[in-house]
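**Q** Pasting in a structure now, in structure tokens, and then I'll have a few things to ask.
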Amino acid sequence: LIVRLFTSQSETKVSMAMRQTPLTCSGHTRPVVDLAFSGITPYGYFLISACKDGKPMLRQGDTGDWIGTFLGHKGAVWGATLNNEATKAATAAADFTAKVWDAVTGDEVLTLAHKHIVKSVNFTQDSSCLLTGGNDKIIRIYDLNKPEEEPQEITGHTSAIKKALWCNNDTQILSAADDKTVLLWDRNSTEVVKQLSFDMSVSSMEYIPDGEVLVITYGKTIAFYNALSLDMIKTVDAPASIHSASLHPDKDFFVAGGDDFKLYKFDYGTKEELESYKGHFGPVHCVRFSPDGELYASGSEDGTLRLWQTAVGKTYGLWKCVLPGEFSCLIPN
């Protein structure tokens, strides 16, 4: 795979037009509906994917190389996450369970029974508690050091919960549901602190601890909020219905994907569309930046994950840039 950089003869200085060449990660047999990166560890960083085939997969984050598959669910897996150290994984599934896994050995550690389909899982920063949400409209907090104890339950949503995330140093919880609301909860009192209401269901939600930014997508809109006050920062309208968006760690730009199979990259400051790439053969369900911001991963209805370079033409991971007679950037087969 070769990316060529062409020089314009009409320019006195060299201008370069580069073509994005994504890495394709195969292995899943059904749509990929969620993905998450770990933090940066001494062994690099890692990527987990949730798929309707019921077999979440762990990969090396910078290359997409397959490491292992977590086997044990008996239904579609709707949510997946890793702790920061990439030592634990958690998955949410249609078999009415959430599972906790040893991400090093691949062994199942805990099965947490629910009353309906589970859609979301999220670890606290110290990996001691797991937050879950799903179709029974209940947020649950499991103390993983006391797995025999019943979870703390938080009720208030009137429809299925799509996403539940820890925020504000794990003292608060953000939840998005099909009741067209995003709620901010106090962990201790379990009371609603703030609420956002929309004209349609929220399709995705990302929380950025650095700067306390909340990224929400609904319809064709990508919206940014202060995660503590839920005050709106800005909104951006995309050309197509968007299923997921992710803000770069440096907050220079953000990416989004949705119904038209494309990945869009926008300038966060000006809201200008910078690039759009078509690589998937189905709607894009999920997109996230890597923890170092060098790439972003997307998961699609077509059953694949793709890794995209943030700065096209840079040597990173499997992308190797060479300078023969003309500029080129290639990925070795």
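Identifiers for the structure tokens are assigned positionally: chains receive A, B, ... in sequence, residues are indexed from 1 per chain, and ligands are indexed from 1 in the order shown.
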So that I can check the surroundings of Ile154 (chain A), please list as number ranges by chain every protein, DNA and RNA residue that reaches within 8 Å of it, counting only C-alpha atoms and ignoring chain neighbours fewer than 4 positions away.

**A** A: 138-140, 190

**Q** Neighbouring residues of region 209-219 of chain A were defined as those with any atom within 10 Å, considering only C-alpha atoms; residues of the same chain fewer than 5 positions away were excluded. Please report them as a ChimeraX atom specification.

**A** /A:166-169,174,176,180,182,198-204,224-238,240-247,249-251,254,256,258

**Q** From the set A:Gln195, A:Thr111, A:Thr29, A:Gln60, which residue has the shortest atom-to-atom contact distance to His73 (chain A), counting only C-alpha atoms?

**A** A:Thr111

**Q** Here is a test: counting only C-alpha atoms, which residue of A:Arg30, A:Lys320, A:Arg19, A:Lys137 is nearest to Gly282 (chain A)?

**A**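 Using only C-alpha atoms, Gly282 (chain A) sits closest to A:Arg30.
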
**Q** Determine, counting only C-alpha atoms, which protein, DNA and RNA residues have an atom within 9 Å of an atom of region 288-290 of chain A; residues of the same chain fewer than 3 positions away are not included. Present the result as an NGL selection string.

**A** :A and (35-39 or 45-47 or 61-62 or 206 or 244-249 or 254-256 or 293-298 or 310)

**Q** Keeping only C-alpha atoms, write the selected residues as a JSON list (two decimals), in the first residue's frame.

**A**
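Wrote it out as result-v6.json, contents follow:
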[["chain", "number", "residue", "atom", "x", "y", "z"],
["A", 35, "LEU", "CA", -14.25, 0.11, 20.75],
["A", 36, "ALA", "CA", -11.95, 1.53, 23.41],
["A", 37, "PHE", "CA", -8.26, 2.16, 23.96],
["A", 38, "SER", "CA", -6.28, 1.59, 27.13],
["A", 39, "GLY", "CA", -3.90, 4.17, 28.50],
["A", 45, "TYR", "CA", -1.34, 0.77, 24.32],
["A", 46, "PHE", "CA", -4.15, -1.61, 23.46],
["A", 47, "LEU", "CA", -7.51, -1.64, 21.68],
["A", 61, "GLY", "CA", -3.28, -0.36, 19.61],
["A", 62, "ASP", "CA", -0.69, 1.14, 17.28],
["A", 206, "GLU", "CA", -17.32, 10.53, 24.97],
["A", 244, "SER", "CA", -19.84, 8.50, 16.99],
["A", 245, "ALA", "CA", -17.25, 11.26, 17.45],
["A", 246, "SER", "CA", -13.94, 11.64, 19.25],
["A", 247, "LEU", "CA", -11.91, 14.68, 20.31],
["A", 248, "HIS", "CA", -8.12, 14.62, 19.85],
["A", 249, "PRO", "CA", -6.17, 14.60, 23.17],
["A", 254, "PHE", "CA", -12.07, 15.86, 16.21],
["A", 255, "VAL", "CA", -13.23, 12.99, 14.04],
["A", 256, "ALA", "CA", -16.70, 11.58, 13.41],
["A", 293, "GLY", "CA", -3.36, 11.03, 19.47],
["A", 294, "GLU", "CA", -1.30, 9.56, 16.61],
["A", 295, "LEU", "CA", -4.19, 7.58, 15.14],
["A", 296, "TYR", "CA", -7.89, 6.98, 15.45],
["A", 297, "ALA", "CA", -9.78, 3.70, 15.18],
["A", 298, "SER", "CA", -13.18, 3.15, 13.62],
["A", 310, "THR", "CA", -3.86, 11.59, 12.43]]

**Q** Among region 80-186 of chain A, which ones does DSSP place in strand (DSSP E), written as a PyMOL selection string?

**A** chain A and resi 80-82+88-93+97-102+108-113+118-123+129-134+138-143+152-155+161-167+172-177+181-186

**Q** Hey, which of A:Cys25, A:Val32, A:Val104, A:Val77 ends up closest to Thr63 (chain A)? Count only C-alpha atoms.

**A**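 The shortest atom-to-atom distance to Thr63 (chain A) comes from A:Cys25.
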
**Q** Hey, which of A:Asp65, A:Val100, A:Phe281, A:Glu275 ends up closest to Gln309 (chain A)? Count only C-alpha atoms.

**A**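 Smallest distance to Gln309 (chain A) is found for A:Glu275.
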
**Q** If you measure from CA of Tyr277 (chain A) to CA of Lys262 (chain A), what distance in Å do you get, rounded to one decimal?

**A**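 Computing the Euclidean distance for CA of Tyr277 (chain A) and CA of Lys262 (chain A) yields 5.4 Å.
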
**Q** Between A:Val287, A:Leu130, A:Gly156, A:Ile208, which is the closest to Leu184 (chain A) once you count only C-alpha atoms?

**A**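 The answer is A:Gly156, which sits nearest to Leu184 (chain A).
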
**Q** Show me, as an mmCIF file with N, CA and C atoms, in the first residue's frame, the residues that have an atom within 8 Å of Gly134 (chain A) when counting only C-alpha atoms, minus same-chain residues fewer than 6 positions from it.

**A**
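Wrote result-v1.cif, looks like this:
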data_model
loop_
_atom_site.group_PDB
_atom_site.id
_atom_site.type_symbol
_atom_site.label_atom_id
_atom_site.label_comp_id
_atom_site.auth_asym_id
_atom_site.auth_seq_id
_atom_site.Cartn_x
_atom_site.Cartn_y
_atom_site.Cartn_z
ATOM 1 N N HIS A 116 -31.589 -7.479 31.869
ATOM 2 C CA HIS A 116 -31.861 -7.215 30.457
ATOM 3 C C HIS A 116 -30.519 -7.039 29.747
ATOM 4 N N ILE A 117 -30.581 -6.698 28.468
ATOM 5 C CA ILE A 117 -29.372 -6.478 27.667
ATOM 6 C C ILE A 117 -28.518 -5.374 28.292
ATOM 7 N N VAL A 118 -27.212 -5.619 28.368
ATOM 8 C CA VAL A 118 -26.273 -4.631 28.906
ATOM 9 C C VAL A 118 -25.579 -3.945 27.729
ATOM 10 N N LYS A 119 -25.511 -2.621 27.781
ATOM 11 C CA LYS A 119 -24.974 -1.855 26.656
ATOM 12 C C LYS A 119 -23.642 -1.168 26.962
ATOM 13 N N SER A 120 -23.367 -0.894 28.244
ATOM 14 C CA SER A 120 -22.232 -0.041 28.581
ATOM 15 C C SER A 120 -21.492 -0.550 29.811
ATOM 16 N N ALA A 160 -33.988 2.754 27.684
ATOM 17 C CA ALA A 160 -32.722 2.030 27.724
ATOM 18 C C ALA A 160 -31.527 2.976 27.784
ATOM 19 N N ILE A 161 -30.540 2.623 28.590
ATOM 20 C CA ILE A 161 -29.318 3.410 28.726
ATOM 21 C C ILE A 161 -28.315 2.948 27.681
ATOM 22 N N LYS A 162 -27.794 3.902 26.915
ATOM 23 C CA LYS A 162 -26.811 3.582 25.870
ATOM 24 C C LYS A 162 -25.384 3.646 26.394
ATOM 25 N N LYS A 163 -25.111 4.606 27.279
ATOM 26 C CA LYS A 163 -23.754 4.815 27.756
ATOM 27 C C LYS A 163 -23.799 5.358 29.181
#

**Q** Looking at A:Thr171, A:Thr91, A:Thr105, A:Ser197, which one is nearest to Leu183 (chain A), with distances taken over only C-alpha atoms?

**A**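 Closest to Leu183 (chain A), using only C-alpha atoms: A:Ser197.
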
**Q** Enter the distance from CA of Asp260 (chain A) to CA of Gly279 (chain A), in Å, rounded to one decimal.

**A**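 Atom-to-atom, CA of Asp260 (chain A) and CA of Gly279 (chain A) are spaced 10.7 Å apart.
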
**Q** Figure out the distance between CA of Lys271 (chain A) and CA of Leu307 (chain A), please, to one decimal in Å.

**A**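 Computed distance, CA of Leu307 (chain A) to CA of Lys271 (chain A), equals 23.0 Å.
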